[in-house]
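For reference, the structure discussed in these notes is given below.
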Amino acid sequence: MRKNFRIALAGNPNCGKTCIFNSLTGARQHVGNYAGVTVESKSGFFTLGELEIELVDLPGVYSLSSSSPEEAVVFDELTRPGIDLIVNVIDSTIPQRSLYLTTQLAELHIPMLLTFNMSDDARKKGLEFNIPKLEKYFGSPIVRTVGNTVSGVTALKNKLASALKNLDDHGVPMLSYGADFDEAIEAVAEKIEALDIDRYKHIPGRFFAIKLLEKDTCVMNISDFKPAWDEVDKQILHLRESHAIEADTFMADRRYAMLAGACRDTISTSIEKRREISDRIDLVMTNKFLGFPLFLAIMYAVFYFTFTCAEPFMGYIDSFFQFLGAAVGRTWNPETLPYLRSMVIDGIIAGVGGVIVFLPNILFLFFAIAILEESGYMSRAAFVMDGIMRRFGLQGKSFVPLVLGFGCTVPAVMATRTIESNRDRTITIMVLPWMSCGARLPIYALIIPAFFAEKYQPLTMWIIYLTGVVMALAAARIMKSTIFKGDGEVYLMELPPYRMPALKSLCFHMWDRGKMYLQKAGTIILLTSVILYICNSYPVKKEFSKDYQSETSALANADIPEEEKTEKITALENEMLAEKLEYTISGRIGKFLEPVFIPIGMDWKSTTAAIAALTAKEVFVAQIGILNSEGNADEESAGLREKLRKNYTPLQAFCIMLFCLLSIPCLATLAVIKRELNSWKMVFIEAGALFAVAYTVSFIVYQLGSWLGIGTKLL
């Protein structure tokens, strides 16, 4: 008797599929991406008595057509050998629409178990199901569940055990689309069966016949079916002449007509229908005048929750890495492998700690997003913003990632997965780096108070942020009109009923994203921290322009006030440090590139700092502080601001901020873009385009400002 099985979990978006997956598999999950596409996959394991089961959570889809990457992935997964059973999760509050996918799954003739989820909500709506009759229609057993509770999936487990023991006895669905269409299907199916295609022997020819008649892209791209195309064209022509309608449209109409009849015979309502609470809430949440202000208020609350809750945990993590660095420094003898010791403390621990310190922000941000998604509000947010975003060539679902970009670009890029259109998703990802992330804030906090009067500081900050938003929207409009040109796609935005999110599901969602952040961003930062340390440390300068040691000793013995002595010694030490840095790889690169960056107002120091900021934007502040001979690179350092005022004009300072805003984001962001778009080519195009735009805009501003004499005097 078999003991190992592979089950596919299929269903529409928002049907509670993930809750069932989490309830069955618990923590035994693996999250990954299907090769070649930007669709997330999950697989988990659980046991039923002696049975070992792998559960594959397929992306949520409305059909097995290939109009989206998710649908193509589900089609590919289900037509491959190896699936023993399909668990089709159905939102039982909207059965007729949910069962459209079921009609296509049934045609695969893979054993199937129908799970009528959210049965508690269906009862509240007064829906009653004739389960035996429905089972006969679809040739599959049916179980009712409440997926967001532990006890709600007990019946599913019992039904699963029974279904797996009787796989060979699964029923045959009673699916008929009318005599004329059934005859066309049969004619094409005979041609397909005659081809005897080895890799699809487990799938009936009828399934592929229907897909070919619908001109489904996935099946049309399978060269093995080309010999059947003549018969397909013949049958399509016959159906068009008989009904004056295209075969794919005709097929959809027949499916819905069949479902309408099936639901009419098997589903009834025991109470009079009335406006549900979700509809009453939507009268306010999606109101033409109130929807947008409420959305802004909710997003403000999300960010307030994120940063307020994360702040103490960030402090603990920061303290831990400071303690770890100090502990390693105390236990590791400075005379033993001093360079490796310095790399571990100043490079690896400091670099990785600088990224992990943002983990609480990531966790709480995605916890809040999960609440919005599972409660049903995120669909309303997309609906509210759709009209505004379409003016710029995007859609409503693009707005949430763009807003998240003000926090951190890495999770914002991940959040674009909710966008079905590859074109819209790619455009959104490409413009996201221009939404000024929180990591750039220390740069503004350092420069703005140093160069702009207090009354103009908020305005300057507002201009910087607004510049990023305007550039992002303008670029989106241009891309949609040129390289991503095409007719606007029509989206059916589902507004699922409001539901109370399940804590377990929220925690799983939060942990998945947090783990992904650590695995992807953390490893990139670790590597770049080591590289940056090497670039800032080697080669080591041994001959200096002056004898710093003698001058320091002389100052130490000088008869001057202690405060003045400390200040002069510190200045001397910083001058020596700056000379050392100028000699390193970073310094030499900065000097080499200085002629290129001078036209945009940047000297070798700010150029080197901008390069170092590829690791993390906050690194710019530390690097510019060291290179300007100030040991304390804290953004609140008055000494550093004073030094900057002596070295740069307000115009230069503004152009430095502008370049940091518009130029290449951190490497962690580029790594996530590669992961999401699955293309190194797009990453290099993105980096090159961002640099070109940043340089061009900064050049125009600096040269025009210099010509007009605006902000060109040192303070």
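Labels used: A, B, ... for chains in the order of the structure tokens, numbers from 1 for residues in each chain, and numbers from 1 for ligands as shown.
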Using only C-alpha atoms, which residues sit within 10 Å of stretch 465-468 of chain A once same-chain residues fewer than 5 positions away are excluded, as a PyMOL selection string? chain A and resi 406+431-437+459-460+473-474+658+661-662
Export of prior selection with N, CA and C atoms as a short mmCIF file (atom, residue, chain, number, x, y, z; two decimals), in the first residue's frame:
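Ended up saving to result.cif:
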```cif
data_model
loop_
_atom_site.label_atom_id
_atom_site.label_comp_id
_atom_site.auth_asym_id
_atom_site.auth_seq_id
_atom_site.Cartn_x
_atom_site.Cartn_y
_atom_site.Cartn_z
N PHE A 406 8.76 54.28 0.38
CA PHE A 406 9.24 55.31 1.29
C PHE A 406 9.85 54.69 2.55
N VAL A 431 10.53 51.86 -11.46
CA VAL A 431 10.47 53.23 -10.94
C VAL A 431 10.54 53.28 -9.42
N LEU A 432 10.42 52.13 -8.76
CA LEU A 432 10.40 52.11 -7.30
C LEU A 432 11.63 52.75 -6.64
N PRO A 433 12.86 52.57 -7.17
CA PRO A 433 14.02 53.17 -6.51
C PRO A 433 13.96 54.68 -6.36
N TRP A 434 13.08 55.35 -7.11
CA TRP A 434 12.97 56.80 -6.99
C TRP A 434 12.06 57.24 -5.84
N MET A 435 11.38 56.30 -5.23
CA MET A 435 10.63 56.63 -4.02
C MET A 435 11.64 56.65 -2.88
N SER A 436 11.91 57.80 -2.32
CA SER A 436 13.02 57.97 -1.39
C SER A 436 12.86 57.11 -0.14
N CYS A 437 13.68 56.06 -0.04
CA CYS A 437 13.56 55.12 1.08
C CYS A 437 14.12 55.72 2.37
N LEU A 459 10.93 72.66 3.60
CA LEU A 459 10.65 72.83 2.17
C LEU A 459 11.66 72.07 1.33
N THR A 460 12.93 72.14 1.72
CA THR A 460 13.97 71.42 0.97
C THR A 460 13.73 69.92 1.01
N LEU A 473 6.58 58.84 -11.44
CA LEU A 473 5.33 58.85 -12.20
C LEU A 473 5.56 59.24 -13.66
N ALA A 474 6.46 60.20 -13.87
CA ALA A 474 6.76 60.62 -15.24
C ALA A 474 7.43 59.48 -16.02
N LEU A 658 20.38 65.18 -4.65
CA LEU A 658 19.61 64.83 -5.84
C LEU A 658 20.19 63.57 -6.49
N LEU A 661 19.41 60.51 -4.46
CA LEU A 661 18.00 60.15 -4.60
C LEU A 661 17.74 59.38 -5.89
N LEU A 662 18.29 59.89 -7.01
CA LEU A 662 17.91 59.38 -8.33
C LEU A 662 18.81 58.27 -8.86
#
```
Which of stretch 214-356 of chain A fall in alpha helix (DSSP H), as number ranges by chain: A: 217-220, 229-243, 247-266, 277-285, 291-331, 338-342, 350-356
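Between A:Gly396 and the candidates A:Arg97, A:Arg645, A:Arg380, A:Lys226, the tightest atom-to-atom separation, counting only C-alpha atoms, involves A:Arg380.
Minimum atom-to-atom distances from A:Ser119, A:Ser268, A:Ser606, A:Ser421 to A:Thr93 were compared using only C-alpha atoms, and the lowest value belongs to A:Ser119.
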At a cut-off of 10 Å, using only C-alpha atoms, what residues contact A:Arg499? Leave out same-chain residues fewer than 2 positions from it and give the result as a PyMOL selection string. chain A and resi 121+278+371+373-377+496-497+501-502
Any chance you could export the current selection's C-alpha atoms as a short mmCIF file (atom, residue, chain, number, x, y, z; two decimals), in the first residue's frame?
```cif
data_model
loop_
_atom_site.label_atom_id
_atom_site.label_comp_id
_atom_site.auth_asym_id
_atom_site.auth_seq_id
_atom_site.Cartn_x
_atom_site.Cartn_y
_atom_site.Cartn_z
CA ASP A 121 -19.81 32.68 6.23
CA SER A 278 -19.15 44.28 3.78
CA ILE A 371 -3.71 42.31 8.05
CA GLU A 373 -4.61 41.70 2.68
CA GLU A 374 -6.40 39.06 4.74
CA SER A 375 -9.04 41.45 6.02
CA GLY A 376 -9.93 42.27 2.40
CA TYR A 377 -8.95 45.94 2.53
CA PRO A 496 -13.86 39.93 -1.20
CA PRO A 497 -15.94 40.21 1.95
CA PRO A 501 -7.47 37.74 9.85
CA ALA A 502 -6.16 34.58 11.53
#
```
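Proximity ranking of A:Arg477, A:Leu51, A:Glu214, A:Tyr316 relative to A:Gln395 places A:Arg477 first, based on only C-alpha atoms.
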Determine the nearest neighbour of A:Ala415 from the options A:Trp462, A:Phe366, A:Phe129, A:Phe305, counting only C-alpha atoms. A:Phe366
Might you pull out every residue within 9 Å of A:Leu555, with only C-alpha atoms counted and same-chain residues fewer than 3 positions away left off, and present them as a VMD selection string? chain A and resid 550 to 552 558 to 560 565 to 566 568 to 569
Resulting file, chosen residues, C-alpha atoms, as a PDB file, in the first residue's frame:
```pdb
ATOM      1  CA  SER A 550      55.769  63.546  16.282  1.00  0.00           C
ATOM      2  CA  GLU A 551      53.206  66.326  15.991  1.00  0.00           C
ATOM      3  CA  THR A 552      50.737  64.355  18.108  1.00  0.00           C
ATOM      4  CA  ALA A 558      52.170  71.163  25.026  1.00  0.00           C
ATOM      5  CA  ASP A 559      51.165  73.574  27.777  1.00  0.00           C
ATOM      6  CA  ILE A 560      47.713  74.482  26.409  1.00  0.00           C
ATOM      7  CA  LYS A 565      44.692  70.012  23.105  1.00  0.00           C
ATOM      8  CA  THR A 566      42.088  67.282  22.565  1.00  0.00           C
ATOM      9  CA  LYS A 568      43.894  69.629  17.889  1.00  0.00           C
ATOM     10  CA  ILE A 569      44.977  66.025  18.432  1.00  0.00           C
TER      11      ILE A 569
END
```
